[in-house]
Amino acid sequence: VKKLLAYQPKSEGEERAMDLWKFSYFTMGVNLKDIALMKMSDIKDGLWFFERAKTNNSSLGKPLLPECLAIINKYANPKNRYVFDFILQDRYDKNDKTINERKRDLTSNLRDWYVKISNELGFQGHFSFYSARYTSATISANKGADMRAVQANLTHSSIATTEIYSQFRDEEAMRESLELLRV
């Protein structure tokens, strides 16, 4: 993650691809469709209010870190309908079918950028847009975040789902739990 956050894009396409990944990472994996539909009017007092496309649940307001606000300010233009207008523009937002087609095409494009960047950084394999979600959840959980807060940020209805995403890897805590088996 440190290498990805420090990566210096070499083109406008790379920059947009990395900004979308970073935005998703710093919002604990908000999906591309929700990001594409973001409007400035959805942001109030540092919180982003949106309806999650996957579940149709309305958010109670997702806090936006300064990193996210900087990315928003970079792309926001009062003349555009959406914050990240380069994703949908007005021609792709007619209905769910056109939005999903654009999302599919953009996801493929992002994959190409992420494979290229992964190769430049010497990664075995490559990161993806979706990796922002499980990576942020894992890091947050492993650094001791309250799992209910992680659950809320991921907008999971069940803590059990959140625990799957978190991939708990605190080896010291794991060892301590095993040592308790000595009776």
# chains A, B, ... in the order shown; residues from 1 in each chain; ligands from 1

$ residues_around --residues "Glu14 (chain A)" --least-positions-apart "2" --cutoff "10 Å" --atoms "only C-alpha atoms" --output "PyMOL selection string"
chain A and resi 7-12+16-20+110+112-114+116-117

$ select_by_dssp --residues "region 32-178 of chain A" --states "helix (DSSP H, G or I)" --output "PyMOL selection string"
chain A and resi 32-36+40-42+66-75+85-88+96-121+131-142+147-154+159-166+171-178

$ closest_residue --among "A:Leu88, A:Met38, A:Met174, A:Ala152" --to "Phe23 (chain A)" --atoms "only C-alpha atoms"
A:Met38

$ closest_residue --among "A:Glu176, A:Asp105, A:Glu120, A:Glu163" --to "Arg148 (chain A)" --atoms "only C-alpha atoms"
A:Glu163

$ residues_around --residues "Ala76 (chain A)" --least-positions-apart "3" --cutoff "12 Å" --atoms "only C-alpha atoms" --output "list in words"
Met38, Lys39, Met40, Ser41, Ile43, Cys68, Leu69, Ala70, Ile71, Ile72, Asn73, Lys79, Asn80, Arg81, Tyr82, Val83, Phe84, Asp85 and Phe86 of chain A

$ closest_residue --among "A:Ala132, A:Ala53, A:Leu60, A:Leu154" --to "Phe26 (chain A)" --atoms "only C-alpha atoms"
A:Ala132

$ atom_distance --atom1 "CA of Ser131 (chain A)" --atom2 "CA of Asp96 (chain A)"
24.0 Å

$ residues_around --residues "Trp48 (chain A)" --least-positions-apart "5" --cutoff "8 Å" --atoms "only C-alpha atoms" --output "list in words"
Asp42, Ile43, Ser59, Gly61, Lys62, Pro63 and Leu64 of chain A

$ select_by_dssp --residues "region 25-178 of chain A" --states "strand (DSSP E or B)" --output "PyMOL selection string"
chain A and resi 43-44+47-48+51+58+62-63
